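Participant: My structure is below; once you've seen it, I'll send some questions.
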Amino acid sequence: MLKTTDNPTVYLEDYKPPEFKLINCELDFELNPAETRVTARYEFEALGNSHTLILDGEALELVSIHIDGSPVSNDDFKVNDKTLAISGVPQKFSLSIVSLTRPEQNSSLNGLYQSGDMLCTQCEAQGFRRIAYSLDRPDVLTRYTIKLIADKVSYPILLSNGNLIDQGETGENHYAVWQDPFPKPTYLFALVAGNLVSHSDTFTTRSGKPVDLHLLTRPEDAGKTAHAMASLQRSMLWDEQVYDREYDLDIYHIVAVGDFNMGAMENKSLNIFNTKYVLARPEIATDQDYHAIEGVIGHEYFHNWSGNRVTCRDWFQLSLKEGFTVFRDQQFSGDMGSAGVQRINDVNILRNVQFKEDSGPMAHPVRPDSYEEINNFYTVTVYNKGAEVVRMLHTLLGETGFRRACNRYFEKFDGQAVTTDDFVHTMEEDSGLDLHQFRLWYSQAGTPKVKLETAYDAERKVLSLIFRQSTPDTPEQNDKAAFLIPIKIALFDGVGQHLSFNFAEQACNETVLHLIKNQQTFEFEDVKTAPVISALRGFSAPVKLDYDQDEHSLIFLAKHDDDAFNRWEAMQRLSMNQINGIMAHKPEFPSPAYLGLYDHILGDTRTDPALLAQLLTLPGESYISQAMDTIDPDLVHQTRELLIKKIADTHRHVLHERYMTEQTQSSGQWTSEETGHRALRDACLSIMIRVENDGAYTHATRQYEQAGCMTDTMSALSALNRCQYANKQAYLDDFHRQWQSEDLLINKWFSLQSQQVGKRALNNIVHLSKHPDFDIKNPNKVYSLIGGFLHGNAVTFHARDGSGYKFATEWILKLDAINPQVAARMVSCFNQWKRYDAARQALMKEQMLIIAEHEGLSDNVSEIINKALG
């Protein structure tokens, strides 16, 4: 008997506005980790004829209820483990509720919880109901006044949203009163109490207003926030310059927390961050860490307008704030570094994770139609595909038109909770474009497939492009309508120059085609010679393009295309052709022309080294697997490794030369130029190490021993970890010995070892799960070791004896009893079980049924496992 979730399915079509308006909210917290007393004082007004107020509340102990100063009798309210219903309420009234919550027992890390010696909150999506009885929904906005009372020795810092309006002492306690002048929903509430140190600075807005900036950490992490502060200041300036958005309060706090389910949270003026996205110094953080910190700092800051000042009406509209803000942080990161490499990174996430989600049992539209557990829909579809939808709007409207429409959107809906339809309608209203068909990107699930065929008429000098689009069926959605798909196109002549052409009575070097039908033909006129076609430039739409270009054309694009993404894409397609050829045992693969291309890449001194590093990197195992009808993880791994070794053997001397050249370009500083050189150096090392000889090992060990920054250390250790070097464990042990006091580096140490393959790989992971530095209650530790194995080590996870599946089941059930949100992230490892051979399917299904039938299974895990089982 499979467990059904306790949560009823919630449907978008059933949305109803709130029956009560919340006029004002005052909250008093008597903070104590064992038991915190919360007094909530609300001013309510009925918006209709309802006289029963139903509030959300979970894991709370109710102490008292008063309406307009009088106690509510037991006959006039009903309380259960989900709600508090109060009957007979007047049209307008004051409500006071006292309740208790126990932070130190809250291992879910939702609501008010303890992290080390600190008390903090996480309220999105429905965590506030674990703090106080409330209308815990995003379309109920009000102003908050918060009083925090705590022991002044244990909790010298008391923070909440808005501006500090009062503070003082009362015996052994002290208090702070915070007031947020901007209305907000419950999910944007935050508080932090603890012994923290601040890195403070200022930012002056373009209107001349000074803003105090504070990044707070544990005392032992002081001195690791300079990069985060600089990233915040760059974010604030960029948002003014690109979106005309100015910060609106006098103070901005970021607090780094060691125990956090997500990356960060945009609570108004009090962002709470996973330490992973705040703490950095060159000796403890890699270039990837620096880049991620800058991006996440930007993301949460940009939410001040795209999420806070204008928020979402209901959780089905989550992409309204998240998709839009991911697009904004992608733009920002591209402007701060290499826009082309940033675009490649964005698309890699989409293809390796989101496309997989779109083809699995949890496939859902960017704006879902229903959910059982809302935390399961903080997905790459909502975030990353949602960002691609906004990017397409940017493409359709153009830079100037999109900026103007965004300004109109912010001004029109400031202080409101709105929908994705409101957002698209504003784009439509401002631009004059008909975006009726475009709205399907929000309501239709699945990844469209676009097939392109071409014909060139030399006599008429006309190029015909014939497109066909189709979208596979997804759960609960069949027979998909045609999307509006913007496809950016350019043409090249035989020497790498743009070919001009006429389209729609305009002379062009590049154009954006609007594919709106299942089959559609476009004609370019005055095309002087048969062109090489660069299609879907910049990945102008989140689709799978099927365009059968010959090897010569792809090599040409890999060398000459001035669109960084399409240059990389040509290399990816060439590599996939080699991999498929090797899998099919065709002796002509890898082809000499393909292998020869590496001489060109490694000898290129004019291209951004960061882009060259991307060109050297083969498609990942996850991406290769998705192209197979029946996934064979062993064949995928073996074929990819074989091709890399062939490249390494063929180009060992030029790889060595380029490695040595790039090694001399690094002084260990985080600059765009230096990170590019290190990326190229490490890409060369990653290939060279596959040769498995003393020369390659010497490069890696010397780089580790002479490292000038953590990027040097980790890339060398990663190279050693993936090869058969006999002494690699000594280097892993040395790393732990050096950095055991740095939690974030120990996470990297766990993550590296989760990727090991071989007969003892799983035994080693089991051993590491018992290591004293591993903590099942800390999400970062779990994501690094358990998540790294389940989602990043396909060969070992899919071992033919089923041992990986049994390990997964054991850990998913352990985690579910502690933190269901983290467990749900792990259980998705089974989502594609039907894509594997029959023997593996049987072994996976056996374990999935054990999970599904487990007594006390959370709604989070139950929804995913039952949908996977079908």
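Labeling convention for the structure tokens: chains A, B, ... as they appear, residues from 1 per chain, ligands from 1 in order of appearance.
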Within 10 Å of Glu220 in chain A, counting only C-alpha atoms, which residues show up once you throw out same-chain ones fewer than 4 positions away? Write them as an MDAnalysis selection string, please.
Facilitator: chainID A and resid 196:197 224 742
Participant: So that I can see what lies close to Glu510 in chain A, please list as a list in words the residues with an atom at most 9 Å from it, counting only C-alpha atoms and leaving out residues fewer than 6 positions away in the same chain.
Facilitator: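 Contacts, with the query itself left out: Lys488, Ile489, Ala490, Leu491, His498, Leu499, Ser500 and Phe501 of chain A.
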Participant: From a DSSP pass on the backbone, collect the residues of range 139-251 of chain A flagged as alpha helix (DSSP H) and hand them back as a ChimeraX atom specification.
Facilitator: /A:226-243
Participant: Filtering to all heavy atoms, could you give me those residues as a tab-separated table (two decimals), in the first residue's frame?
Facilitator:
chain	number	residue	atom	x	y	z
A	226	ALA	N	35.25	40.26	2.29
A	226	ALA	CA	35.58	41.41	1.43
A	226	ALA	C	34.99	41.24	0.03
A	226	ALA	O	34.45	42.18	-0.57
A	226	ALA	CB	37.10	41.60	1.35
A	227	HIS	N	35.09	40.03	-0.52
A	227	HIS	CA	34.56	39.80	-1.87
A	227	HIS	C	33.04	39.93	-1.87
A	227	HIS	O	32.46	40.49	-2.82
A	227	HIS	CB	34.98	38.42	-2.36
A	227	HIS	CG	34.37	38.05	-3.69
A	227	HIS	ND1	34.64	38.74	-4.84
A	227	HIS	CD2	33.51	37.05	-4.03
A	227	HIS	CE1	33.97	38.20	-5.85
A	227	HIS	NE2	33.27	37.18	-5.37
A	228	ALA	N	32.38	39.40	-0.85
A	228	ALA	CA	30.92	39.50	-0.79
A	228	ALA	C	30.48	40.96	-0.71
A	228	ALA	O	29.52	41.37	-1.36
A	228	ALA	CB	30.38	38.72	0.41
A	229	MET	N	31.20	41.76	0.08
A	229	MET	CA	30.86	43.18	0.19
A	229	MET	C	31.04	43.89	-1.15
A	229	MET	O	30.17	44.66	-1.59
A	229	MET	CB	31.72	43.85	1.26
A	229	MET	CG	31.45	45.35	1.43
A	229	MET	SD	29.75	45.72	1.96
A	229	MET	CE	29.88	45.34	3.72
A	230	ALA	N	32.17	43.63	-1.81
A	230	ALA	CA	32.40	44.25	-3.12
A	230	ALA	C	31.34	43.81	-4.13
A	230	ALA	O	30.88	44.61	-4.96
A	230	ALA	CB	33.79	43.91	-3.62
A	231	SER	N	30.92	42.54	-4.05
A	231	SER	CA	29.88	42.02	-4.95
A	231	SER	C	28.55	42.73	-4.70
A	231	SER	O	27.81	43.04	-5.64
A	231	SER	CB	29.71	40.52	-4.75
A	231	SER	OG	30.90	39.82	-5.08
A	232	LEU	N	28.23	42.97	-3.43
A	232	LEU	CA	27.00	43.69	-3.10
A	232	LEU	C	27.03	45.10	-3.67
A	232	LEU	O	26.06	45.57	-4.27
A	232	LEU	CB	26.81	43.72	-1.58
A	232	LEU	CG	25.63	44.54	-1.06
A	232	LEU	CD1	24.31	44.04	-1.64
A	232	LEU	CD2	25.59	44.51	0.47
A	233	GLN	N	28.12	45.79	-3.51
A	233	GLN	CA	28.23	47.15	-4.02
A	233	GLN	C	28.13	47.18	-5.54
A	233	GLN	O	27.49	48.06	-6.12
A	233	GLN	CB	29.53	47.79	-3.53
A	233	GLN	CG	29.53	48.04	-2.02
A	233	GLN	CD	30.90	48.34	-1.46
A	233	GLN	OE1	31.91	47.79	-1.93
A	233	GLN	NE2	30.97	49.19	-0.45
A	234	ARG	N	28.77	46.20	-6.20
A	234	ARG	CA	28.65	46.14	-7.66
A	234	ARG	C	27.22	45.85	-8.10
A	234	ARG	O	26.73	46.39	-9.09
A	234	ARG	CB	29.59	45.06	-8.22
A	234	ARG	CG	31.07	45.43	-8.18
A	234	ARG	CD	31.92	44.48	-9.01
A	234	ARG	NE	31.97	43.14	-8.45
A	234	ARG	CZ	32.89	42.73	-7.58
A	234	ARG	NH1	33.83	43.58	-7.15
A	234	ARG	NH2	32.90	41.48	-7.15
A	235	SER	N	26.52	45.00	-7.33
A	235	SER	CA	25.12	44.67	-7.64
A	235	SER	C	24.24	45.91	-7.55
A	235	SER	O	23.38	46.14	-8.41
A	235	SER	CB	24.61	43.60	-6.67
A	235	SER	OG	25.39	42.44	-6.72
A	236	MET	N	24.44	46.69	-6.50
A	236	MET	CA	23.61	47.88	-6.30
A	236	MET	C	23.83	48.89	-7.43
A	236	MET	O	22.86	49.48	-7.94
A	236	MET	CB	23.93	48.50	-4.94
A	236	MET	CG	23.62	47.57	-3.77
A	236	MET	SD	24.10	48.21	-2.15
A	236	MET	CE	22.68	49.25	-1.77
A	237	LEU	N	25.07	49.06	-7.83
A	237	LEU	CA	25.37	49.99	-8.91
A	237	LEU	C	24.81	49.48	-10.23
A	237	LEU	O	24.21	50.24	-11.01
A	237	LEU	CB	26.89	50.18	-9.01
A	237	LEU	CG	27.39	51.11	-10.13
A	237	LEU	CD1	26.86	52.52	-9.93
A	237	LEU	CD2	28.92	51.11	-10.19
A	238	TRP	N	24.99	48.19	-10.50
A	238	TRP	CA	24.52	47.61	-11.76
A	238	TRP	C	23.00	47.72	-11.88
A	238	TRP	O	22.49	48.03	-12.96
A	238	TRP	CB	24.93	46.13	-11.81
A	238	TRP	CG	24.59	45.43	-13.09
A	238	TRP	CD1	25.34	45.35	-14.23
A	238	TRP	CD2	23.39	44.67	-13.35
A	238	TRP	NE1	24.69	44.59	-15.18
A	238	TRP	CE2	23.50	44.16	-14.67
A	238	TRP	CE3	22.25	44.37	-12.61
A	238	TRP	CZ2	22.50	43.38	-15.25
A	238	TRP	CZ3	21.26	43.59	-13.19
A	238	TRP	CH2	21.39	43.11	-14.50
A	239	ASP	N	22.27	47.48	-10.80
A	239	ASP	CA	20.80	47.54	-10.87
A	239	ASP	C	20.33	48.96	-11.16
A	239	ASP	O	19.30	49.15	-11.81
A	239	ASP	CB	20.19	47.02	-9.57
A	239	ASP	CG	18.85	46.32	-9.80
A	239	ASP	OD1	18.57	45.94	-10.95
A	239	ASP	OD2	18.10	46.18	-8.83
A	240	GLU	N	21.06	49.94	-10.69
A	240	GLU	CA	20.74	51.33	-11.04
A	240	GLU	C	21.01	51.60	-12.52
A	240	GLU	O	20.21	52.23	-13.21
A	240	GLU	CB	21.56	52.29	-10.18
A	240	GLU	CG	21.18	52.31	-8.72
A	240	GLU	CD	22.00	53.31	-7.91
A	240	GLU	OE1	23.01	53.83	-8.45
A	240	GLU	OE2	21.62	53.57	-6.76
A	241	GLN	N	22.13	51.11	-13.01
A	241	GLN	CA	22.56	51.42	-14.37
A	241	GLN	C	21.75	50.67	-15.42
A	241	GLN	O	21.46	51.21	-16.49
A	241	GLN	CB	24.04	51.08	-14.54
A	241	GLN	CG	24.97	51.96	-13.71
A	241	GLN	CD	26.42	51.50	-13.78
A	241	GLN	OE1	26.69	50.33	-14.05
A	241	GLN	NE2	27.35	52.41	-13.52
A	242	VAL	N	21.36	49.42	-15.12
A	242	VAL	CA	20.73	48.57	-16.14
A	242	VAL	C	19.21	48.53	-16.00
A	242	VAL	O	18.49	48.45	-17.01
A	242	VAL	CB	21.32	47.14	-16.09
A	242	VAL	CG1	20.64	46.22	-17.09
A	242	VAL	CG2	22.83	47.20	-16.35
A	243	TYR	N	18.69	48.62	-14.77
A	243	TYR	CA	17.24	48.51	-14.55
A	243	TYR	C	16.63	49.74	-13.87
A	243	TYR	O	15.44	49.72	-13.53
A	243	TYR	CB	16.91	47.25	-13.73
A	243	TYR	CG	16.91	45.99	-14.56
A	243	TYR	CD1	18.06	45.26	-14.75
A	243	TYR	CD2	15.75	45.55	-15.18
A	243	TYR	CE1	18.08	44.10	-15.51
A	243	TYR	CE2	15.73	44.39	-15.95
A	243	TYR	CZ	16.91	43.67	-16.11
A	243	TYR	OH	16.91	42.52	-16.88
Participant: Using only C-alpha atoms, which residues sit within 8 Å of Lys461 in chain A once same-chain residues fewer than 6 positions away are excluded, as a PDB file with all heavy atoms, in the first residue's frame?
Facilitator:
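This is the output file selection22.pdb:
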ATOM      1  N   GLU A 525      16.990  36.323 -48.899  1.00  0.00           N
ATOM      2  CA  GLU A 525      17.308  36.679 -50.275  1.00  0.00           C
ATOM      3  C   GLU A 525      18.671  37.349 -50.359  1.00  0.00           C
ATOM      4  O   GLU A 525      19.213  37.821 -49.358  1.00  0.00           O
ATOM      5  CB  GLU A 525      16.224  37.609 -50.834  1.00  0.00           C
ATOM      6  CG  GLU A 525      14.836  36.953 -50.857  1.00  0.00           C
ATOM      7  CD  GLU A 525      13.758  37.926 -51.310  1.00  0.00           C
ATOM      8  OE1 GLU A 525      14.004  39.148 -51.266  1.00  0.00           O
ATOM      9  OE2 GLU A 525      12.671  37.449 -51.697  1.00  0.00           O
ATOM     10  N   ASP A 526      19.192  37.377 -51.577  1.00  0.00           N
ATOM     11  CA  ASP A 526      20.475  38.024 -51.870  1.00  0.00           C
ATOM     12  C   ASP A 526      21.616  37.424 -51.041  1.00  0.00           C
ATOM     13  O   ASP A 526      22.476  38.139 -50.534  1.00  0.00           O
ATOM     14  CB  ASP A 526      20.368  39.541 -51.635  1.00  0.00           C
ATOM     15  CG  ASP A 526      21.497  40.300 -52.331  1.00  0.00           C
ATOM     16  OD1 ASP A 526      22.053  39.769 -53.310  1.00  0.00           O
ATOM     17  OD2 ASP A 526      21.840  41.406 -51.862  1.00  0.00           O
ATOM     18  N   VAL A 527      21.579  36.110 -50.882  1.00  0.00           N
ATOM     19  CA  VAL A 527      22.657  35.387 -50.203  1.00  0.00           C
ATOM     20  C   VAL A 527      23.666  35.002 -51.284  1.00  0.00           C
ATOM     21  O   VAL A 527      23.399  34.135 -52.120  1.00  0.00           O
ATOM     22  CB  VAL A 527      22.122  34.133 -49.484  1.00  0.00           C
ATOM     23  CG1 VAL A 527      23.255  33.414 -48.761  1.00  0.00           C
ATOM     24  CG2 VAL A 527      21.019  34.513 -48.503  1.00  0.00           C
ATOM     25  N   LYS A 528      24.810  35.633 -51.307  1.00  0.00           N
ATOM     26  CA  LYS A 528      25.701  35.596 -52.468  1.00  0.00           C
ATOM     27  C   LYS A 528      26.392  34.262 -52.687  1.00  0.00           C
ATOM     28  O   LYS A 528      26.844  33.962 -53.793  1.00  0.00           O
ATOM     29  CB  LYS A 528      26.744  36.713 -52.349  1.00  0.00           C
ATOM     30  CG  LYS A 528      26.140  38.110 -52.448  1.00  0.00           C
ATOM     31  CD  LYS A 528      27.188  39.191 -52.369  1.00  0.00           C
ATOM     32  CE  LYS A 528      26.575  40.564 -52.670  1.00  0.00           C
ATOM     33  NZ  LYS A 528      25.434  40.887 -51.814  1.00  0.00           N
ATOM     34  N   THR A 529      26.512  33.450 -51.658  1.00  0.00           N
ATOM     35  CA  THR A 529      27.168  32.149 -51.802  1.00  0.00           C
ATOM     36  C   THR A 529      26.558  31.179 -50.804  1.00  0.00           C
ATOM     37  O   THR A 529      25.901  31.594 -49.844  1.00  0.00           O
ATOM     38  CB  THR A 529      28.689  32.279 -51.573  1.00  0.00           C
ATOM     39  OG1 THR A 529      29.317  31.029 -51.862  1.00  0.00           O
ATOM     40  CG2 THR A 529      29.004  32.679 -50.146  1.00  0.00           C
TER      41      THR A 529
END
Participant: Skipping near chain neighbours, those fewer than 5 positions away, what residues fall within 10 Å of range 290-300 of chain A using only C-alpha atoms, listed as a PyMOL selection string?
Facilitator: chain A and resi 227-236+238-239+254+263-268+271-273+275-282+285+305-307+322+324-334+336-337+670-672+675
Participant: Find the residues near range 435-438 of chain A: any atom within 7 Å, counting only C-alpha atoms, skip ones fewer than 6 places away on the same chain, and give them as a list of chain:residue names.
Facilitator: A:Glu428, A:Phe483, A:Leu484
